[in-house]
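Just data_1.tsv here, TSV, C-alpha atoms:
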```tsv
chain	number	residue	atom	x	y	z
A	1	MET	CA	40.23	19.48	1.23
A	2	VAL	CA	43.39	18.04	2.68
A	3	PRO	CA	43.33	14.24	2.57
A	4	GLY	CA	43.21	12.71	6.01
A	5	ALA	CA	42.25	16.00	7.65
A	6	PRO	CA	39.25	15.90	9.99
A	7	ALA	CA	35.96	16.79	8.34
A	8	GLU	CA	35.02	20.42	8.76
A	9	PRO	CA	31.91	20.67	10.93
A	10	ILE	CA	29.20	22.59	9.16
A	11	GLU	CA	26.60	22.54	11.91
A	12	GLY	CA	25.39	25.80	13.34
A	13	ARG	CA	26.15	27.95	10.30
A	14	GLN	CA	22.62	29.31	10.13
A	15	GLY	CA	22.79	33.10	10.11
A	16	HIS	CA	26.51	33.20	9.29
A	17	TYR	CA	27.74	35.15	6.27
A	18	ALA	CA	27.49	33.00	3.14
A	19	GLY	CA	30.65	32.28	1.19
A	20	ALA	CA	31.60	33.10	-2.38
A	21	VAL	CA	31.04	29.67	-3.91
A	22	SER	CA	27.49	29.24	-2.59
A	23	ARG	CA	26.62	32.74	-3.76
A	24	LEU	CA	28.20	32.25	-7.18
A	25	VAL	CA	26.45	28.93	-7.76
A	26	ALA	CA	23.14	30.38	-6.60
A	27	PHE	CA	23.58	33.34	-8.95
A	28	ALA	CA	24.44	31.04	-11.87
A	29	ALA	CA	21.34	28.95	-11.11
A	30	ASP	CA	19.25	32.14	-11.05
A	31	VAL	CA	20.64	33.35	-14.36
A	32	GLY	CA	19.82	29.96	-15.86
A	33	ALA	CA	16.34	29.88	-14.35
A	34	SER	CA	15.46	33.45	-15.35
A	35	TRP	CA	16.75	32.93	-18.91
A	36	GLY	CA	14.88	29.67	-19.19
A	37	LEU	CA	11.65	31.27	-18.02
A	38	PHE	CA	12.17	34.23	-20.34
A	39	THR	CA	12.75	31.94	-23.32
A	40	LEU	CA	9.64	29.94	-22.45
A	41	GLY	CA	7.61	33.14	-22.12
A	42	ALA	CA	8.90	34.47	-25.45
A	43	ALA	CA	8.08	31.17	-27.16
A	44	ALA	CA	4.58	31.16	-25.64
A	45	LEU	CA	4.04	34.77	-26.79
A	46	ALA	CA	5.24	34.00	-30.31
A	47	PHE	CA	3.00	30.96	-30.49
A	48	SER	CA	-0.03	32.92	-29.24
A	49	ILE	CA	0.52	35.76	-31.74
A	50	GLN	CA	0.97	33.26	-34.55
A	51	LEU	CA	-2.20	31.48	-33.51
A	52	VAL	CA	-4.28	34.67	-33.42
A	53	SER	CA	-2.86	36.61	-36.39
A	54	GLY	CA	-1.66	33.75	-38.54
A	55	THR	CA	1.66	35.50	-39.21
A	56	LYS	CA	5.01	34.23	-38.00
A	57	PHE	CA	6.35	36.19	-35.02
A	58	SER	CA	9.70	36.10	-33.28
A	59	LEU	CA	10.79	38.37	-30.43
A	60	ALA	CA	14.39	38.11	-31.67
A	61	SER	CA	13.36	40.10	-34.77
A	62	TYR	CA	12.71	43.11	-32.52
A	63	GLN	CA	16.08	43.52	-30.85
A	64	VAL	CA	15.31	46.65	-28.85
A	65	VAL	CA	12.03	45.21	-27.60
A	66	SER	CA	13.63	41.89	-26.68
A	67	VAL	CA	16.54	43.56	-24.81
A	68	VAL	CA	14.19	45.89	-22.92
A	69	SER	CA	11.89	42.93	-22.12
A	70	LEU	CA	14.83	40.90	-20.87
A	71	VAL	CA	16.10	43.74	-18.65
A	72	VAL	CA	12.63	44.33	-17.20
A	73	TRP	CA	12.14	40.60	-16.68
A	74	GLU	CA	15.49	40.20	-14.90
A	75	PHE	CA	14.69	43.18	-12.68
A	76	LEU	CA	11.30	41.70	-11.78
A	77	TYR	CA	12.76	38.23	-11.27
A	78	PHE	CA	15.30	39.34	-8.69
A	79	ALA	CA	13.51	42.30	-7.06
A	80	TYR	CA	10.21	40.51	-6.61
A	81	GLN	CA	11.71	37.38	-5.07
A	82	TRP	CA	14.07	39.29	-2.77
A	83	ALA	CA	11.21	41.54	-1.63
A	84	LEU	CA	8.94	38.56	-1.08
A	85	SER	CA	11.16	36.14	0.81
A	86	GLY	CA	14.74	37.44	0.71
A	87	LYS	CA	15.80	34.67	-1.62
A	88	THR	CA	15.58	33.69	-5.25
A	89	ILE	CA	15.13	30.17	-6.64
A	90	GLY	CA	18.89	29.64	-6.85
A	91	MET	CA	19.42	30.98	-3.33
A	92	ALA	CA	16.69	28.70	-1.98
A	93	VAL	CA	18.42	25.71	-3.57
A	94	LEU	CA	21.78	26.67	-2.08
A	95	GLY	CA	20.25	27.55	1.30
A	96	ILE	CA	21.17	31.23	1.47
A	97	ARG	CA	19.14	34.41	1.80
A	98	VAL	CA	19.49	38.19	1.75
A	99	VAL	CA	19.01	40.12	4.98
A	100	ARG	CA	19.73	43.66	6.13
A	101	THR	CA	23.19	44.30	7.58
A	102	ASP	CA	21.76	44.01	11.08
A	103	GLY	CA	20.20	40.64	10.24
A	104	SER	CA	16.58	41.75	9.97
A	105	THR	CA	14.33	40.84	7.06
A	106	ILE	CA	14.91	42.69	3.80
A	107	GLY	CA	12.18	45.10	2.65
A	108	PRO	CA	10.96	45.96	-0.85
A	109	ARG	CA	13.11	49.11	-0.95
A	110	GLN	CA	16.33	47.20	-0.26
A	111	ALA	CA	15.27	44.55	-2.77
A	112	VAL	CA	14.81	47.15	-5.50
A	113	VAL	CA	18.06	49.02	-4.67
A	114	ARG	CA	20.01	45.75	-4.56
A	115	THR	CA	18.60	44.68	-7.93
A	116	LEU	CA	19.45	48.04	-9.50
A	117	ALA	CA	22.97	48.00	-7.99
A	118	LEU	CA	23.69	44.41	-9.07
A	119	PRO	CA	24.76	45.37	-12.63
A	120	LEU	CA	27.34	47.81	-11.17
A	121	SER	CA	29.26	44.88	-9.72
A	122	PHE	CA	29.50	43.52	-13.29
A	123	LEU	CA	30.26	46.83	-14.96
A	124	LEU	CA	33.43	47.29	-12.87
A	125	LEU	CA	34.92	44.21	-14.56
A	126	GLY	CA	33.43	42.04	-11.87
A	127	LEU	CA	35.46	43.77	-9.18
A	128	GLY	CA	32.26	44.52	-7.32
A	129	PHE	CA	32.05	40.84	-6.43
A	130	LEU	CA	35.59	40.73	-5.04
A	131	GLY	CA	34.29	42.09	-1.74
A	132	ILE	CA	32.58	38.74	-1.09
A	133	LEU	CA	36.05	37.24	-0.71
A	134	THR	CA	37.99	40.16	0.74
A	135	SER	CA	35.67	42.22	2.94
A	136	ARG	CA	35.19	41.35	6.59
A	137	ASN	CA	31.41	41.06	6.20
A	138	ARG	CA	31.60	39.39	2.78
A	139	HIS	CA	29.85	42.36	1.21
A	140	ALA	CA	29.71	42.72	-2.56
A	141	LEU	CA	29.39	46.22	-4.02
A	142	HIS	CA	25.61	45.90	-4.42
A	143	ASP	CA	25.38	44.73	-0.80
A	144	ARG	CA	27.18	47.89	0.36
A	145	ILE	CA	24.90	50.10	-1.73
A	146	ALA	CA	21.67	48.39	-0.61
A	147	GLY	CA	22.73	47.81	2.99
A	148	THR	CA	22.28	44.07	2.77
A	149	ALA	CA	24.19	40.88	3.53
A	150	VAL	CA	23.82	37.28	2.42
A	151	VAL	CA	23.64	34.61	5.11
A	152	TYR	CA	23.13	30.87	5.28
A	153	SER	CA	19.49	30.00	5.86
A	154	TRP	CA	20.23	26.30	5.67
A	155	ASP	CA	20.28	24.48	8.96
A	156	ALA	CA	22.79	21.68	8.67
A	157	ARG	CA	21.59	20.24	11.98
A	158	ALA	CA	18.08	19.83	10.59
A	159	ALA	CA	19.60	18.17	7.52
A	160	ARG	CA	21.46	15.73	9.73
A	161	LEU	CA	18.26	14.92	11.62
A	162	ARG	CA	16.48	14.34	8.31
A	163	TRP	CA	19.30	12.04	7.24
A	164	LEU	CA	19.16	10.11	10.50
A	165	ALA	CA	15.39	9.81	10.27
A	166	ARG	CA	15.70	8.21	6.83
A	167	GLN	CA	18.15	5.58	8.02
A	168	ASP	CA	16.88	2.04	8.36
A	169	PRO	CA	16.47	1.37	12.10
A	170	ALA	CA	17.50	-2.24	11.55
A	171	ALA	CA	20.74	-1.24	9.83
A	172	PRO	CA	23.88	-1.21	11.99
A	173	ALA	CA	25.04	2.26	13.01
B	1	MET	CA	-55.48	-59.64	-4.37
B	2	SER	CA	-56.55	-58.05	-1.12
B	3	PRO	CA	-57.52	-60.40	1.75
B	4	VAL	CA	-60.82	-58.49	2.31
B	5	PRO	CA	-63.06	-58.24	-0.76
B	6	GLY	CA	-63.61	-54.64	-1.85
B	7	SER	CA	-60.85	-53.25	0.39
B	8	GLY	CA	-58.70	-52.35	-2.63
B	9	ARG	CA	-61.34	-49.98	-3.95
B	10	MET	CA	-61.79	-48.48	-0.52
B	11	GLU	CA	-58.08	-47.77	-0.32
B	12	GLN	CA	-58.07	-46.14	-3.72
B	13	LEU	CA	-61.04	-43.98	-2.72
B	14	ALA	CA	-59.41	-43.02	0.55
B	15	GLN	CA	-56.21	-42.11	-1.35
B	16	VAL	CA	-58.09	-39.89	-3.79
B	17	VAL	CA	-60.06	-38.21	-0.98
B	18	ALA	CA	-56.88	-37.62	1.04
B	19	GLU	CA	-55.06	-36.08	-1.95
B	20	ARG	CA	-58.03	-33.84	-2.69
B	21	VAL	CA	-58.35	-32.75	0.94
B	22	VAL	CA	-54.66	-31.99	1.29
B	23	SER	CA	-54.68	-30.01	-1.93
B	24	LEU	CA	-57.75	-28.03	-0.78
B	25	VAL	CA	-56.21	-27.35	2.65
B	26	MET	CA	-52.95	-26.22	1.08
B	27	GLU	CA	-54.80	-23.85	-1.23
B	28	ALA	CA	-56.79	-22.47	1.69
B	29	ILE	CA	-53.74	-21.76	3.83
B	30	ASP	CA	-52.05	-18.37	3.31
B	31	ILE	CA	-48.40	-19.33	3.84
B	32	ASP	CA	-47.23	-15.69	3.83
B	33	ALA	CA	-49.68	-14.72	6.54
B	34	LEU	CA	-48.58	-17.73	8.54
B	35	LEU	CA	-44.93	-16.76	8.23
B	36	ASP	CA	-45.76	-13.19	9.19
B	37	ARG	CA	-47.22	-14.44	12.44
B	38	ILE	CA	-44.03	-16.28	13.32
B	39	ASP	CA	-41.62	-14.20	15.41
B	40	VAL	CA	-38.34	-15.30	13.84
B	41	ASP	CA	-36.25	-13.19	16.24
B	42	ALA	CA	-37.84	-14.83	19.23
B	43	LEU	CA	-37.28	-18.19	17.64
B	44	ILE	CA	-33.62	-17.47	17.00
B	45	SER	CA	-33.13	-16.06	20.49
B	46	ARG	CA	-34.26	-19.40	21.90
B	47	VAL	CA	-31.54	-21.21	19.97
B	48	ASP	CA	-28.33	-21.67	21.95
B	49	VAL	CA	-25.83	-21.09	19.15
B	50	ASP	CA	-22.85	-21.78	21.40
B	51	SER	CA	-24.07	-25.21	22.30
B	52	VAL	CA	-24.82	-25.95	18.63
B	53	VAL	CA	-21.33	-24.81	17.61
B	54	SER	CA	-19.72	-26.75	20.44
B	55	ARG	CA	-21.40	-29.90	19.17
B	56	VAL	CA	-19.87	-29.44	15.73
B	57	ASP	CA	-16.60	-31.28	15.24
B	58	VAL	CA	-14.77	-28.70	13.12
B	59	ASP	CA	-11.73	-30.93	12.52
B	60	LYS	CA	-13.92	-33.68	11.22
B	61	LEU	CA	-15.74	-31.18	9.05
B	62	ILE	CA	-12.46	-29.88	7.61
B	63	ASP	CA	-11.23	-33.41	7.02
B	64	ARG	CA	-14.28	-34.05	4.88
B	65	VAL	CA	-13.60	-30.97	2.75
B	66	ASP	CA	-11.56	-31.70	-0.35
B	67	VAL	CA	-9.62	-28.41	-0.69
B	68	GLU	CA	-7.88	-29.49	-3.88
B	69	LYS	CA	-11.22	-30.11	-5.50
B	70	ILE	CA	-12.45	-26.65	-4.45
B	71	ILE	CA	-9.29	-24.98	-5.80
B	72	GLN	CA	-9.68	-26.81	-9.07
B	73	ARG	CA	-13.20	-25.49	-9.38
B	74	VAL	CA	-12.12	-21.87	-8.76
B	75	ASP	CA	-11.47	-19.91	-11.94
B	76	VAL	CA	-8.61	-17.67	-10.74
B	77	GLU	CA	-8.25	-15.85	-14.04
B	78	LYS	CA	-11.91	-14.86	-13.93
B	79	ILE	CA	-11.44	-13.52	-10.38
B	80	VAL	CA	-8.35	-11.53	-11.38
B	81	GLU	CA	-10.26	-10.07	-14.33
B	82	ARG	CA	-12.91	-8.83	-11.92
B	83	VAL	CA	-10.38	-7.07	-9.65
B	84	ASP	CA	-10.28	-3.31	-10.21
B	85	ILE	CA	-6.53	-2.74	-10.09
B	86	ASP	CA	-6.88	1.05	-10.38
B	87	ALA	CA	-9.21	1.24	-7.38
B	88	LEU	CA	-6.85	-1.04	-5.46
B	89	MET	CA	-3.89	1.20	-6.27
B	90	GLU	CA	-5.86	4.23	-5.10
B	91	LYS	CA	-6.64	2.50	-1.81
B	92	THR	CA	-3.00	1.55	-1.19
B	93	GLU	CA	-1.96	5.24	-1.54
B	94	LEU	CA	0.93	4.21	-3.72
B	95	GLY	CA	1.06	7.74	-5.12
B	96	SER	CA	1.72	9.29	-1.72
B	97	ILE	CA	4.34	6.62	-0.96
B	98	ILE	CA	6.17	7.46	-4.20
B	99	ALA	CA	5.82	11.19	-3.50
B	100	ARG	CA	7.22	10.77	0.02
B	101	SER	CA	10.14	8.76	-1.26
B	102	THR	CA	10.84	11.28	-4.05
B	103	THR	CA	10.74	14.16	-1.57
B	104	GLY	CA	13.19	12.30	0.64
B	105	VAL	CA	15.62	11.79	-2.24
B	106	ALA	CA	15.25	15.42	-3.37
B	107	SER	CA	15.94	16.84	0.09
B	108	GLU	CA	18.94	14.52	0.44
B	109	VAL	CA	20.35	15.76	-2.89
B	110	LEU	CA	19.73	19.34	-1.77
B	111	ASP	CA	21.53	18.73	1.52
B	112	VAL	CA	24.51	17.29	-0.32
B	113	ILE	CA	24.69	20.26	-2.76
B	114	ARG	CA	24.50	22.73	0.11
B	115	ALA	CA	27.07	20.89	2.19
B	116	GLN	CA	29.43	20.86	-0.80
B	117	GLY	CA	28.85	24.60	-1.24
B	118	VAL	CA	29.61	25.33	2.40
B	119	GLY	CA	32.75	23.19	2.21
B	120	LEU	CA	34.00	25.09	-0.84
B	121	ASP	CA	33.10	28.42	0.80
B	122	ASP	CA	35.32	27.51	3.74
B	123	PHE	CA	38.11	26.39	1.44
B	124	CYS	CA	38.09	29.74	-0.43
B	125	ALA	CA	37.78	31.76	2.79
B	126	ARG	CA	40.77	29.93	4.30
B	127	TRP	CA	42.98	30.72	1.31
B	128	VAL	CA	41.89	34.35	1.11
B	129	ASN	CA	42.50	34.80	4.85
B	130	ARG	CA	45.93	33.26	4.40
B	131	LEU	CA	46.74	35.61	1.50
B	132	LEU	CA	45.47	38.67	3.35
B	133	ARG	CA	47.17	37.51	6.56
B	134	ARG	CA	43.88	37.67	8.46
B	135	ARG	CA	42.97	35.62	11.46
B	136	PRO	CA	39.54	34.00	10.88
B	137	GLU	CA	38.55	34.29	14.55
B	138	GLU	CA	38.80	38.08	14.28
B	139	LEU	CA	36.22	38.20	11.50
B	140	PRO	CA	32.51	38.56	12.31
B	141	LEU	CA	30.54	35.37	11.73
B	142	GLY	CA	27.35	37.07	10.66
B	143	PRO	CA	24.96	39.97	11.29
B	144	PRO	CA	24.86	40.74	15.04
B	145	THR	CA	21.24	39.72	15.64
B	146	LEU	CA	21.55	36.43	13.77
B	147	VAL	CA	24.83	35.32	15.31
B	148	ALA	CA	23.65	36.28	18.79
B	149	ALA	CA	20.61	34.09	18.26
B	150	PRO	CA	21.76	31.23	16.01
B	151	SER	CA	18.42	29.45	15.95
B	152	HIS	CA	16.58	32.40	14.43
B	153	PRO	CA	12.97	31.25	13.98
B	154	GLU	CA	12.56	33.12	10.72
B	155	LEU	CA	15.54	31.39	9.20
B	156	THR	CA	14.55	28.02	10.57
B	157	ALA	CA	11.27	28.37	8.73
B	158	GLY	CA	13.15	29.29	5.56
B	159	ALA	CA	15.44	26.28	5.74
B	160	ALA	CA	14.31	23.63	3.29
```

Go ahead and render the structure in this file as structure tokens.
Amino acid sequence: MVPGAPAEPIEGRQGHYAGAVSRLVAFAADVGASWGLFTLGAAALAFSIQLVSGTKFSLASYQVVSVVSLVVWEFLYFAYQWALSGKTIGMAVLGIRVVRTDGSTIGPRQAVVRTLALPLSFLLLGLGFLGILTSRNRHALHDRIAGTAVVYSWDARAARLRWLARQDPAAPA
Amino acid sequence: MSPVPGSGRMEQLAQVVAERVVSLVMEAIDIDALLDRIDVDALISRVDVDSVVSRVDVDKLIDRVDVEKIIQRVDVEKIVERVDIDALMEKTELGSIIARSTTGVASEVLDVIRAQGVGLDDFCARWVNRLLRRRPEELPLGPPTLVAAPSHPELTAGAA
């Protein structure tokens, strides 16, 4: 931000294409959340097996199984949440959601295709994500493949109303 | 000595007889049955409470009360011991007050994070547009249906 410059109004962004930073932070939050949940699940599984059989068990000892489990888990994490509500935990926190290119609600098919296409954006040295910055519609590679777009679902006006409602009426404006 | 001879004995006799008679009468009377026959409600209804109260000088009554003495006689610690603090806390709905306040703080933090994100999005978009020599007003703002109707009900419901 330029010091002294007027504050950029953020009202009325609902439904606009979401920017790169919000999407990146949301994705990072999702990676953290999904890994955290996976680790918790693996620990719970190991504990249960140890409790029943009496032998020490660690998923890390079975590399192939753990990698396959992680891949399946990540697929379920993203595909299920996108199909259900168009947003993951990280996206909900950042106030963004996935929609079809025309703006309608995403279906299970798009959710699955988008999840499967997501690794492609990584495999091309991350160039698949460059489209978020450069393309007119802020489409990443997986967005183009799945026919989706990411928009702001956060209503800054509602946030301002919430903020005003929390102000002390006796306090000077 | 009594002025009339023999009157002292007569008095004693009369006293004994009277005591015996009273005791016999009292035994014979069924007090409960007597009370049952009294219509207490009717009796109370005949009492003009307002006039009774109006005749009472409350100030005078209060003046006669030694409040300090009453306070000294009250065992406050014993009263506090008898108070069920947990039940009191439940009645004051302190939990819901804390929850409401926590929700308020959480949503405020969320708003700040999102606003920061949007600000940084704009910053990046401005620089990229400058590098690519694009005019921002020529770029589409969002999917046609959402930008045409900014207050999309579905998205409003999704907004936290």

Contacts from chain A to chain B, 8 Å maximum, all atoms listed in the file: show me the residue list as a PyMOL selection string. chain A and resi 1+8+10+12-22+92-95+101-104+133-134+136-137+149+151+153-156+159+163+166

Pairwise distance for atom CA of Arg100 of chain A and atom CA of Gly147 of chain A, rounded to one decimal in Å: 6.0 Å

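Atom to atom, atom CA of Arg109 of chain A and atom CA of Ile89 of chain A stand 19.9 Å apart.
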
Using only C-alpha atoms, which protein or nucleic acid residues come within 10 Å of segment 37-47 of chain A? Drop anything in the same chain fewer than 5 positions from it, and give the result as a ChimeraX atom specification. /A:31-32,52,54-60,66,69-70,73-74,77

Taking (23.1, 47.6, -6.1) in the file's coordinates, which residues come within 8 Å, counting all atoms listed in the file, written as a PyMOL selection string? chain A and resi 113-121+141-146

Using atom CA of Glu11 of chain B and atom CA of Glu27 of chain B as the two end points, give the distance in Å to one decimal. 24.2 Å

As a short mmCIF file (atom, residue, chain, number, x, y, z; two decimals), in the coordinates of the input, the rebuilt segment 19-55 of chain B with N, CA and C atoms:
```cif
data_model
loop_
_atom_site.label_atom_id
_atom_site.label_comp_id
_atom_site.auth_asym_id
_atom_site.auth_seq_id
_atom_site.Cartn_x
_atom_site.Cartn_y
_atom_site.Cartn_z
N GLU B 19 -55.80 -37.00 -1.06
CA GLU B 19 -55.06 -36.08 -1.95
C GLU B 19 -55.85 -34.80 -2.18
N ARG B 20 -57.16 -35.01 -2.40
CA ARG B 20 -58.03 -33.84 -2.69
C ARG B 20 -58.09 -32.93 -1.47
N VAL B 21 -58.23 -33.55 -0.29
CA VAL B 21 -58.35 -32.75 0.94
C VAL B 21 -57.07 -31.97 1.19
N VAL B 22 -55.95 -32.67 1.05
CA VAL B 22 -54.66 -31.99 1.29
C VAL B 22 -54.48 -30.82 0.33
N SER B 23 -54.83 -31.08 -0.94
CA SER B 23 -54.68 -30.01 -1.93
C SER B 23 -55.57 -28.82 -1.60
N LEU B 24 -56.82 -29.11 -1.16
CA LEU B 24 -57.75 -28.03 -0.78
C LEU B 24 -57.24 -27.26 0.44
N VAL B 25 -56.74 -28.00 1.42
CA VAL B 25 -56.21 -27.35 2.65
C VAL B 25 -55.04 -26.45 2.30
N MET B 26 -54.13 -26.99 1.47
CA MET B 26 -52.95 -26.22 1.08
C MET B 26 -53.34 -24.93 0.36
N GLU B 27 -54.34 -25.03 -0.51
CA GLU B 27 -54.80 -23.85 -1.23
C GLU B 27 -55.42 -22.83 -0.28
N ALA B 28 -56.08 -23.35 0.74
CA ALA B 28 -56.79 -22.47 1.69
C ALA B 28 -55.83 -21.74 2.63
N ILE B 29 -54.67 -22.37 2.88
CA ILE B 29 -53.74 -21.76 3.83
C ILE B 29 -52.93 -20.65 3.16
N ASP B 30 -52.87 -19.48 3.80
CA ASP B 30 -52.05 -18.37 3.31
C ASP B 30 -50.67 -18.47 4.00
N ILE B 31 -49.73 -19.06 3.26
CA ILE B 31 -48.40 -19.33 3.84
C ILE B 31 -47.72 -18.03 4.31
N ASP B 32 -47.88 -16.97 3.48
CA ASP B 32 -47.23 -15.69 3.83
C ASP B 32 -47.76 -15.16 5.16
N ALA B 33 -49.07 -15.22 5.30
CA ALA B 33 -49.68 -14.72 6.54
C ALA B 33 -49.20 -15.54 7.72
N LEU B 34 -49.05 -16.83 7.47
CA LEU B 34 -48.58 -17.73 8.54
C LEU B 34 -47.15 -17.37 8.95
N LEU B 35 -46.33 -17.13 7.95
CA LEU B 35 -44.93 -16.76 8.23
C LEU B 35 -44.85 -15.42 8.95
N ASP B 36 -45.75 -14.51 8.54
CA ASP B 36 -45.76 -13.19 9.19
C ASP B 36 -46.04 -13.31 10.68
N ARG B 37 -46.83 -14.28 11.03
CA ARG B 37 -47.22 -14.44 12.44
C ARG B 37 -46.11 -15.07 13.27
N ILE B 38 -45.14 -15.65 12.57
CA ILE B 38 -44.03 -16.28 13.32
C ILE B 38 -42.99 -15.23 13.68
N ASP B 39 -42.64 -15.15 14.94
CA ASP B 39 -41.62 -14.20 15.41
C ASP B 39 -40.26 -14.89 15.28
N VAL B 40 -39.61 -14.62 14.13
CA VAL B 40 -38.34 -15.30 13.84
C VAL B 40 -37.27 -14.93 14.87
N ASP B 41 -37.25 -13.64 15.26
CA ASP B 41 -36.25 -13.19 16.24
C ASP B 41 -36.36 -13.96 17.55
N ALA B 42 -37.62 -14.10 17.98
CA ALA B 42 -37.84 -14.83 19.23
C ALA B 42 -37.39 -16.27 19.10
N LEU B 43 -37.67 -16.81 17.92
CA LEU B 43 -37.28 -18.19 17.64
C LEU B 43 -35.77 -18.36 17.69
N ILE B 44 -35.09 -17.41 17.04
CA ILE B 44 -33.62 -17.47 17.00
C ILE B 44 -33.03 -17.26 18.40
N SER B 45 -33.66 -16.34 19.15
CA SER B 45 -33.13 -16.06 20.49
C SER B 45 -33.20 -17.29 21.40
N ARG B 46 -34.13 -18.19 21.08
CA ARG B 46 -34.26 -19.40 21.90
C ARG B 46 -33.21 -20.46 21.55
N VAL B 47 -32.56 -20.23 20.39
CA VAL B 47 -31.54 -21.21 19.97
C VAL B 47 -30.22 -20.89 20.65
N ASP B 48 -29.62 -21.86 21.29
CA ASP B 48 -28.33 -21.67 21.95
C ASP B 48 -27.24 -21.99 20.92
N VAL B 49 -26.79 -20.92 20.25
CA VAL B 49 -25.83 -21.09 19.15
C VAL B 49 -24.53 -21.71 19.65
N ASP B 50 -24.12 -21.27 20.85
CA ASP B 50 -22.85 -21.78 21.40
C ASP B 50 -22.88 -23.30 21.56
N SER B 51 -24.00 -23.76 22.09
CA SER B 51 -24.07 -25.21 22.30
C SER B 51 -24.11 -25.96 20.97
N VAL B 52 -24.77 -25.32 19.97
CA VAL B 52 -24.82 -25.95 18.63
C VAL B 52 -23.41 -26.02 18.07
N VAL B 53 -22.69 -24.88 18.16
CA VAL B 53 -21.33 -24.81 17.61
C VAL B 53 -20.42 -25.79 18.33
N SER B 54 -20.60 -25.87 19.66
CA SER B 54 -19.72 -26.75 20.44
C SER B 54 -19.93 -28.23 20.07
N ARG B 55 -21.10 -28.50 19.55
CA ARG B 55 -21.40 -29.90 19.17
C ARG B 55 -20.82 -30.24 17.79
#
```
